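Coordinates from run-v6.csv are shown below (CSV, N, CA and C atoms).
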chain,number,residue,atom,x,y,z
A,17,MET,N,18.8,6.0,-20.3
A,17,MET,CA,19.4,5.0,-19.4
A,17,MET,C,19.3,3.7,-20.1
A,18,ASN,N,20.4,2.9,-20.1
A,18,ASN,CA,20.4,1.6,-20.7
A,18,ASN,C,19.8,0.6,-19.7
A,19,GLN,N,19.3,-0.5,-20.2
A,19,GLN,CA,18.8,-1.6,-19.3
A,19,GLN,C,19.9,-2.0,-18.3
A,20,GLY,N,19.6,-1.9,-17.0
A,20,GLY,CA,20.5,-2.3,-16.0
A,20,GLY,C,21.7,-1.3,-15.7
A,21,THR,N,21.7,-0.2,-16.3
A,21,THR,CA,22.7,0.8,-16.0
A,21,THR,C,22.0,2.1,-15.5
A,22,ALA,N,22.4,2.5,-14.3
A,22,ALA,CA,21.8,3.7,-13.7
A,22,ALA,C,22.9,4.4,-12.9
A,23,THR,N,22.8,5.7,-12.8
A,23,THR,CA,23.7,6.5,-12.0
A,23,THR,C,23.0,7.3,-11.0
A,24,PHE,N,23.5,7.3,-9.8
A,24,PHE,CA,22.8,8.0,-8.7
A,24,PHE,C,23.8,8.9,-8.0
A,25,ASP,N,23.4,10.1,-7.5
A,25,ASP,CA,24.2,10.9,-6.7
A,25,ASP,C,24.3,10.4,-5.3
A,26,SER,N,25.5,10.3,-4.8
A,26,SER,CA,25.7,9.8,-3.5
A,26,SER,C,26.9,10.5,-2.8
A,27,PRO,N,26.7,11.1,-1.7
A,27,PRO,CA,27.8,11.8,-1.0
A,27,PRO,C,28.8,10.8,-0.4
A,28,ALA,N,28.4,9.5,-0.3
A,28,ALA,CA,29.3,8.5,0.3
A,28,ALA,C,30.4,8.0,-0.7
A,29,ILE,N,30.3,8.3,-2.0
A,29,ILE,CA,31.2,7.8,-3.0
A,29,ILE,C,32.1,9.0,-3.4
A,30,SER,N,33.4,8.8,-3.6
A,30,SER,CA,34.2,9.9,-4.0
A,30,SER,C,33.8,10.2,-5.4
A,31,GLY,N,33.6,11.5,-5.7
A,31,GLY,CA,33.1,12.0,-7.0
A,31,GLY,C,31.6,12.1,-6.9
A,32,GLY,N,30.9,11.5,-5.9
A,32,GLY,CA,29.5,11.7,-5.8
A,32,GLY,C,28.6,10.8,-6.7
A,33,ILE,N,29.2,9.9,-7.5
A,33,ILE,CA,28.4,9.1,-8.5
A,33,ILE,C,28.5,7.7,-8.1
A,34,TYR,N,27.3,7.0,-8.1
A,34,TYR,CA,27.2,5.6,-7.7
A,34,TYR,C,26.5,5.0,-9.0
A,35,GLN,N,27.3,4.2,-9.7
A,35,GLN,CA,26.8,3.6,-11.0
A,35,GLN,C,26.5,2.1,-10.8
A,36,VAL,N,25.4,1.7,-11.3
A,36,VAL,CA,24.9,0.3,-11.2
A,36,VAL,C,24.9,-0.3,-12.6
A,37,ASN,N,25.6,-1.4,-12.8
A,37,ASN,CA,25.6,-2.2,-14.0
A,37,ASN,C,25.2,-3.6,-13.6
A,38,PHE,N,23.9,-3.9,-13.8
A,38,PHE,CA,23.4,-5.2,-13.3
A,38,PHE,C,22.1,-5.6,-14.1
A,39,LYS,N,22.0,-6.8,-14.4
A,39,LYS,CA,20.8,-7.4,-15.1
A,39,LYS,C,20.2,-8.5,-14.3
A,40,PRO,N,19.0,-8.4,-13.7
A,40,PRO,CA,18.4,-9.5,-12.9
A,40,PRO,C,18.0,-10.6,-13.8
A,41,VAL,N,17.8,-11.8,-13.3
A,41,VAL,CA,17.4,-13.0,-14.1
A,41,VAL,C,15.9,-13.2,-13.9
A,42,LEU,N,15.3,-13.8,-15.0
A,42,LEU,CA,13.9,-14.2,-15.0
A,42,LEU,C,13.0,-13.1,-14.5
A,43,ASP,N,12.2,-13.4,-13.4
A,43,ASP,CA,11.2,-12.5,-12.9
A,43,ASP,C,11.6,-11.6,-11.8
A,44,ARG,N,12.9,-11.2,-11.8
A,44,ARG,CA,13.3,-10.3,-10.7
A,44,ARG,C,13.6,-8.9,-11.2
A,45,ILE,N,13.4,-8.0,-10.3
A,45,ILE,CA,13.7,-6.6,-10.7
A,45,ILE,C,14.6,-6.0,-9.6
A,46,LEU,N,15.5,-5.0,-10.0
A,46,LEU,CA,16.3,-4.3,-9.1
A,46,LEU,C,15.7,-3.0,-8.9
A,47,VAL,N,15.4,-2.6,-7.6
A,47,VAL,CA,14.7,-1.4,-7.2
A,47,VAL,C,15.6,-0.5,-6.4
A,48,HIS,N,15.6,0.7,-6.7
A,48,HIS,CA,16.3,1.7,-5.8
A,48,HIS,C,15.2,2.3,-4.9
A,49,GLU,N,15.5,2.0,-3.6
A,49,GLU,CA,14.5,2.4,-2.5
A,49,GLU,C,14.5,3.9,-2.4
A,50,ASP,N,13.3,4.5,-2.3
A,50,ASP,CA,13.2,5.9,-2.0
A,50,ASP,C,13.6,6.1,-0.5
A,51,PRO,N,14.2,7.3,-0.2
A,51,PRO,CA,14.5,7.5,1.2
A,51,PRO,C,13.3,7.6,2.1
A,52,VAL,N,13.4,7.2,3.3
A,52,VAL,CA,12.3,7.4,4.3
A,52,VAL,C,12.2,8.8,4.7
A,53,PRO,N,11.0,9.4,4.6
A,53,PRO,CA,10.8,10.8,4.9
A,53,PRO,C,11.3,11.1,6.3
A,54,GLU,N,11.8,12.3,6.5
A,54,GLU,CA,12.2,12.8,7.8
A,54,GLU,C,11.0,13.1,8.6
A,55,LEU,N,11.1,12.9,9.9
A,55,LEU,CA,10.0,13.3,10.8
A,55,LEU,C,9.9,14.8,10.9
A,56,LYS,N,8.7,15.3,10.9
A,56,LYS,CA,8.5,16.7,11.1
A,56,LYS,C,7.5,16.9,12.2
A,57,VAL,N,7.9,17.6,13.3
A,57,VAL,CA,7.0,17.8,14.4
A,57,VAL,C,6.3,19.1,14.1
A,58,ILE,N,4.9,19.1,14.0
A,58,ILE,CA,4.1,20.3,13.8
A,58,ILE,C,3.5,20.6,15.2
A,59,GLY,N,2.6,21.6,15.2
A,59,GLY,CA,2.0,22.1,16.4
A,59,GLY,C,1.5,21.0,17.3
A,60,HIS,N,1.6,21.1,18.6
A,60,HIS,CA,1.2,20.2,19.7
A,60,HIS,C,1.8,18.9,19.6
A,61,GLY,N,3.0,18.7,19.0
A,61,GLY,CA,3.7,17.5,19.0
A,61,GLY,C,3.2,16.5,18.0
A,62,LEU,N,2.4,16.9,17.0
A,62,LEU,CA,1.9,15.9,16.0
A,62,LEU,C,3.0,15.7,15.0
A,63,VAL,N,3.1,14.4,14.6
A,63,VAL,CA,4.2,14.0,13.6
A,63,VAL,C,3.5,14.0,12.2
A,64,ALA,N,4.2,14.7,11.3
A,64,ALA,CA,3.7,14.9,10.0
A,64,ALA,C,4.2,13.9,8.9
A,65,SER,N,4.5,12.6,9.4
A,65,SER,CA,4.9,11.6,8.5
A,65,SER,C,4.3,10.3,8.9
A,66,GLN,N,3.8,9.5,7.9
A,66,GLN,CA,3.2,8.2,8.2
A,66,GLN,C,4.2,7.1,8.3
A,67,HIS,N,5.5,7.5,8.0
A,67,HIS,CA,6.5,6.5,8.0
A,67,HIS,C,7.4,6.5,9.3
A,68,TYR,N,6.9,7.0,10.3
A,68,TYR,CA,7.7,7.3,11.5
A,68,TYR,C,8.2,6.0,12.2
A,69,THR,N,7.5,4.8,12.0
A,69,THR,CA,8.0,3.6,12.6
A,69,THR,C,8.8,2.7,11.7
A,70,ARG,N,9.0,3.1,10.4
A,70,ARG,CA,9.7,2.3,9.5
A,70,ARG,C,11.1,2.7,9.4
A,71,ASP,N,12.0,1.6,9.2
A,71,ASP,CA,13.4,1.8,9.0
A,71,ASP,C,13.7,1.8,7.5
A,72,ARG,N,12.8,1.5,6.6
A,72,ARG,CA,13.0,1.5,5.2
A,72,ARG,C,11.7,1.9,4.5
A,73,SER,N,11.8,2.3,3.3
A,73,SER,CA,10.7,2.8,2.5
A,73,SER,C,10.2,1.6,1.7
A,74,TYR,N,8.9,1.5,1.4
A,74,TYR,CA,8.3,0.5,0.6
A,74,TYR,C,7.9,1.0,-0.8
A,75,ILE,N,8.5,2.1,-1.2
A,75,ILE,CA,8.3,2.6,-2.5
A,75,ILE,C,9.7,2.8,-3.1
A,76,GLY,N,9.8,2.5,-4.4
A,76,GLY,CA,11.1,2.6,-5.1
A,76,GLY,C,10.9,2.7,-6.6
A,77,THR,N,12.1,2.9,-7.3
A,77,THR,CA,12.1,3.0,-8.7
A,77,THR,C,12.8,1.9,-9.3
A,78,VAL,N,12.2,1.3,-10.3
A,78,VAL,CA,12.9,0.1,-11.0
A,78,VAL,C,14.1,0.6,-11.8
A,79,VAL,N,15.2,-0.1,-11.5
A,79,VAL,CA,16.5,0.3,-12.1
A,79,VAL,C,16.8,-0.7,-13.2
A,80,ALA,N,16.4,-2.0,-13.0
A,80,ALA,CA,16.7,-3.1,-14.0
A,80,ALA,C,15.7,-4.1,-13.9
A,81,VAL,N,15.3,-4.8,-15.0
A,81,VAL,CA,14.3,-5.9,-15.0
A,81,VAL,C,14.9,-7.1,-15.7
A,82,GLY,N,14.4,-8.3,-15.2
A,82,GLY,CA,14.8,-9.5,-15.8
A,82,GLY,C,14.1,-9.7,-17.2
A,83,ASP,N,14.3,-10.9,-17.7
A,83,ASP,CA,13.7,-11.2,-19.0
A,83,ASP,C,12.2,-11.5,-19.1
A,84,GLY,N,11.7,-12.0,-18.0
A,84,GLY,CA,10.3,-12.3,-18.0
A,84,GLY,C,9.9,-13.3,-16.8
A,85,VAL,N,8.6,-13.5,-16.7
A,85,VAL,CA,8.0,-14.3,-15.6
A,85,VAL,C,7.7,-15.7,-16.2
A,86,PRO,N,8.3,-16.7,-15.6
A,86,PRO,CA,8.0,-18.1,-16.1
A,86,PRO,C,6.7,-18.6,-15.6
A,87,MET,N,5.8,-19.0,-16.5
A,87,MET,CA,4.5,-19.5,-16.2
A,87,MET,C,4.1,-20.6,-17.1
A,88,ALA,N,3.9,-21.8,-16.6
A,88,ALA,CA,3.5,-23.0,-17.4
A,88,ALA,C,4.4,-23.2,-18.6
A,89,GLY,N,5.7,-23.1,-18.4
A,89,GLY,CA,6.7,-23.4,-19.4
A,89,GLY,C,6.9,-22.2,-20.4
A,90,VAL,N,6.2,-21.1,-20.2
A,90,VAL,CA,6.3,-20.0,-21.1
A,90,VAL,C,6.8,-18.8,-20.4
A,91,ILE,N,7.7,-18.0,-21.0
A,91,ILE,CA,8.2,-16.8,-20.4
A,91,ILE,C,7.3,-15.6,-20.7
A,92,MET,N,6.5,-15.1,-19.7
A,92,MET,CA,5.6,-14.0,-20.0
A,92,MET,C,6.4,-12.7,-19.9
A,93,PRO,N,6.0,-11.6,-20.6
A,93,PRO,CA,6.7,-10.3,-20.5
A,93,PRO,C,6.6,-9.8,-19.1
A,94,MET,N,7.6,-9.0,-18.7
A,94,MET,CA,7.6,-8.4,-17.4
A,94,MET,C,6.6,-7.3,-17.3
A,95,PRO,N,5.9,-7.2,-16.2
A,95,PRO,CA,4.9,-6.1,-16.0
A,95,PRO,C,5.5,-4.7,-15.7
A,96,TYR,N,6.8,-4.7,-15.4
A,96,TYR,CA,7.5,-3.5,-15.1
A,96,TYR,C,8.6,-3.2,-16.1
A,97,LYS,N,8.9,-1.9,-16.2
A,97,LYS,CA,10.0,-1.4,-17.1
A,97,LYS,C,10.9,-0.5,-16.3
A,98,VAL,N,12.1,-0.2,-16.7
A,98,VAL,CA,13.0,0.7,-16.0
A,98,VAL,C,12.3,2.0,-15.9
A,99,GLY,N,12.4,2.6,-14.7
A,99,GLY,CA,11.8,3.9,-14.4
A,99,GLY,C,10.5,3.9,-13.7
A,100,ASP,N,9.8,2.7,-13.7
A,100,ASP,CA,8.5,2.6,-13.0
A,100,ASP,C,8.7,2.7,-11.6
A,101,ARG,N,7.7,3.4,-10.9
A,101,ARG,CA,7.7,3.5,-9.5
A,101,ARG,C,6.8,2.4,-8.9
A,102,VAL,N,7.3,1.6,-8.0
A,102,VAL,CA,6.6,0.4,-7.5
A,102,VAL,C,6.5,0.5,-6.0
A,103,ARG,N,5.4,-0.2,-5.6
A,103,ARG,CA,5.2,-0.4,-4.2
A,103,ARG,C,5.7,-1.8,-3.8
A,104,LEU,N,6.4,-2.0,-2.7
A,104,LEU,CA,7.1,-3.2,-2.4
A,104,LEU,C,6.5,-3.8,-1.1
A,105,ASP,N,6.5,-5.2,-1.1
A,105,ASP,CA,6.0,-5.9,0.1
A,105,ASP,C,7.0,-5.6,1.3
A,106,GLN,N,6.5,-5.6,2.5
A,106,GLN,CA,7.3,-5.3,3.6
A,106,GLN,C,8.3,-6.4,3.9
A,107,PHE,N,8.0,-7.6,3.7
A,107,PHE,CA,8.9,-8.7,4.0
A,107,PHE,C,9.5,-9.4,2.8
A,108,GLY,N,9.4,-8.8,1.7
A,108,GLY,CA,10.0,-9.4,0.5
A,108,GLY,C,11.4,-8.7,0.2
A,109,GLY,N,12.0,-9.2,-0.8
A,109,GLY,CA,13.2,-8.6,-1.4
A,109,GLY,C,14.5,-9.0,-0.6
A,110,GLU,N,15.6,-8.9,-1.3
A,110,GLU,CA,16.9,-9.1,-0.8
A,110,GLU,C,17.7,-7.8,-1.0
A,111,PRO,N,18.5,-7.4,0.0
A,111,PRO,CA,19.3,-6.2,-0.3
A,111,PRO,C,20.4,-6.5,-1.3
A,112,TRP,N,20.7,-5.5,-2.1
A,112,TRP,CA,21.7,-5.7,-3.2
A,112,TRP,C,22.8,-4.6,-3.0
A,113,TYR,N,24.0,-5.0,-3.1
A,113,TYR,CA,25.1,-4.1,-3.0
A,113,TYR,C,26.0,-4.2,-4.2
A,114,ARG,N,26.4,-3.0,-4.7
A,114,ARG,CA,27.2,-3.0,-5.9
A,114,ARG,C,28.6,-3.6,-5.7
A,115,ARG,N,29.1,-3.3,-4.5
A,115,ARG,CA,30.4,-3.9,-4.1
A,115,ARG,C,30.3,-4.7,-2.8
A,116,PRO,N,30.9,-5.8,-2.6
A,116,PRO,CA,30.8,-6.5,-1.3
A,116,PRO,C,31.1,-5.7,-0.1
A,117,GLU,N,32.1,-4.8,-0.2
A,117,GLU,CA,32.4,-4.0,1.0
A,117,GLU,C,31.4,-3.0,1.4
A,118,ASP,N,30.5,-2.7,0.5
A,118,ASP,CA,29.4,-1.8,0.8
A,118,ASP,C,28.4,-2.4,1.8
A,119,GLU,N,28.3,-3.7,1.8
A,119,GLU,CA,27.3,-4.4,2.7
A,119,GLU,C,27.7,-4.2,4.2
A,120,PHE,N,29.0,-4.1,4.5
A,120,PHE,CA,29.4,-4.0,5.9
A,120,PHE,C,30.0,-2.6,6.2
A,121,SER,N,29.8,-1.7,5.3
A,121,SER,CA,30.4,-0.3,5.6
A,121,SER,C,29.6,0.4,6.6
A,122,GLY,N,28.3,0.2,6.7
A,122,GLY,CA,27.5,0.9,7.7
A,122,GLY,C,27.2,2.3,7.3
A,123,ASP,N,27.6,2.7,6.1
A,123,ASP,CA,27.4,4.0,5.6
A,123,ASP,C,25.9,4.2,5.1
A,124,LYS,N,25.1,4.9,5.8
A,124,LYS,CA,23.7,5.1,5.5
A,124,LYS,C,23.5,6.0,4.3
A,125,ARG,N,24.6,6.7,3.9
A,125,ARG,CA,24.4,7.6,2.7
A,125,ARG,C,24.5,6.9,1.4
A,126,LEU,N,24.9,5.6,1.4
A,126,LEU,CA,24.9,4.8,0.1
A,126,LEU,C,23.4,4.6,-0.3
A,127,PRO,N,23.2,4.6,-1.6
A,127,PRO,CA,21.9,4.3,-2.1
A,127,PRO,C,21.5,2.9,-1.8
A,128,LYS,N,20.2,2.7,-1.5
A,128,LYS,CA,19.7,1.4,-1.1
A,128,LYS,C,19.0,0.7,-2.3
A,129,PHE,N,19.5,-0.5,-2.6
A,129,PHE,CA,18.9,-1.3,-3.7
A,129,PHE,C,18.4,-2.6,-3.1
A,130,TRP,N,17.3,-3.1,-3.8
A,130,TRP,CA,16.7,-4.4,-3.4
A,130,TRP,C,16.4,-5.2,-4.7
A,131,ILE,N,16.6,-6.5,-4.6
A,131,ILE,CA,16.1,-7.4,-5.6
A,131,ILE,C,14.8,-8.0,-5.2
A,132,TYR,N,13.8,-7.8,-6.0
A,132,TYR,CA,12.5,-8.4,-5.7
A,132,TYR,C,12.0,-9.3,-6.8
A,133,ARG,N,11.3,-10.3,-6.5
A,133,ARG,CA,10.5,-11.1,-7.5
A,133,ARG,C,9.3,-10.3,-7.8
A,134,VAL,N,8.8,-10.4,-9.0
A,134,VAL,CA,7.6,-9.7,-9.4
A,134,VAL,C,6.4,-10.0,-8.5
A,135,ALA,N,6.3,-11.3,-8.0
A,135,ALA,CA,5.2,-11.7,-7.1
A,135,ALA,C,5.3,-11.0,-5.7
A,136,ASP,N,6.5,-10.5,-5.4
A,136,ASP,CA,6.7,-9.8,-4.1
A,136,ASP,C,6.5,-8.3,-4.1
A,137,THR,N,5.9,-7.8,-5.2
A,137,THR,CA,5.6,-6.4,-5.3
A,137,THR,C,4.1,-6.3,-5.3
A,138,GLN,N,3.7,-5.1,-4.9
A,138,GLN,CA,2.2,-4.8,-4.8
A,138,GLN,C,1.7,-4.1,-6.1
A,139,GLY,N,2.5,-3.5,-6.9
A,139,GLY,CA,2.0,-2.9,-8.1
A,139,GLY,C,2.8,-1.6,-8.4
A,140,LYS,N,2.5,-0.9,-9.5
A,140,LYS,CA,3.2,0.3,-9.8
A,140,LYS,C,2.3,1.5,-9.7
A,141,GLU,N,2.9,2.6,-9.5
A,141,GLU,CA,2.1,3.9,-9.4
A,141,GLU,C,1.9,4.3,-10.8
A,142,LEU,N,0.7,4.8,-11.1
A,142,LEU,CA,0.3,5.3,-12.4
A,142,LEU,C,0.4,6.8,-12.4
A,143,ALA,N,0.8,7.3,-13.6
A,143,ALA,CA,1.0,8.7,-13.7
A,143,ALA,C,-0.2,9.6,-13.6
Output the file's structure in the form of structure tokens.
Amino acid sequence: MNQGTATFDSPAISGGIYQVNFKPVLDRILVHEDPVPELKVIGHGLVASQHYTRDRSYIGTVVAVGDGVPMAGVIMPMPYKVGDRVRLDQFGGEPWYRRPEDEFSGDKRLPKFWIYRVADTQGKELA
């Protein structure tokens, strides 16, 4: 996968392919949000998902990274690379849409992307 280029399967797009060609600036990353797990009711009405009150996931995969983090007049290397799984702050990030019409389509089948500053992330998952 090239820097800033990713392809996702999506039933909302004709042909089923959703391609992203984007490069964030400076200390920003483009993240593909993991889907929120479905609720599963197990015996006695217990819910088998910890995400039952969330409308979005706070875990995602880095799709593109900026050039670096500016600190004291120096550009520090990015702590993330394409493909890293990251944990995201609940109130950070801006939604990102490949096409302007996707923002208002209301189609929940479209992949969800967010632009985050490195400071608005909690860290990455280790293998």
(Q) Show me, as a list in words, the residues that have an atom within 7 Å of Met94 (chain A) when counting only C-alpha atoms, minus same-chain residues fewer than 5 positions from it. (A)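 The contact residues come out as Asp83, Gly84 and Val85 of chain A.
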Q: Take CA of Ser73 (chain A) and CA of Thr137 (chain A) and report the distance between them in Å, one decimal.
A: 13.1 Å
Q. Separation of CA of Gly99 (chain A) and CA of Pro116 (chain A), in Å?
A. 25.3 Å
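Taking only N, CA and C atoms into account, Asp43 (chain A) lies nearest to A:Gly82 out of the set A:Gly89, A:Gly122, A:Gly109, A:Gly82.
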Q: Between A:Lys39, A:Arg115, A:Lys128, A:Arg103, single out the one closest to Glu141 (chain A), counting all atoms listed in the file.
A: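 Using all atoms listed in the file, Glu141 (chain A) sits closest to A:Arg103.
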Q | Among listed residues A:Val134, A:Val41, A:Leu142, A:Leu46, nearest Pro95 (chain A) (using all atoms listed in the file) | A |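 The closest residue to Pro95 (chain A) is A:Val134.
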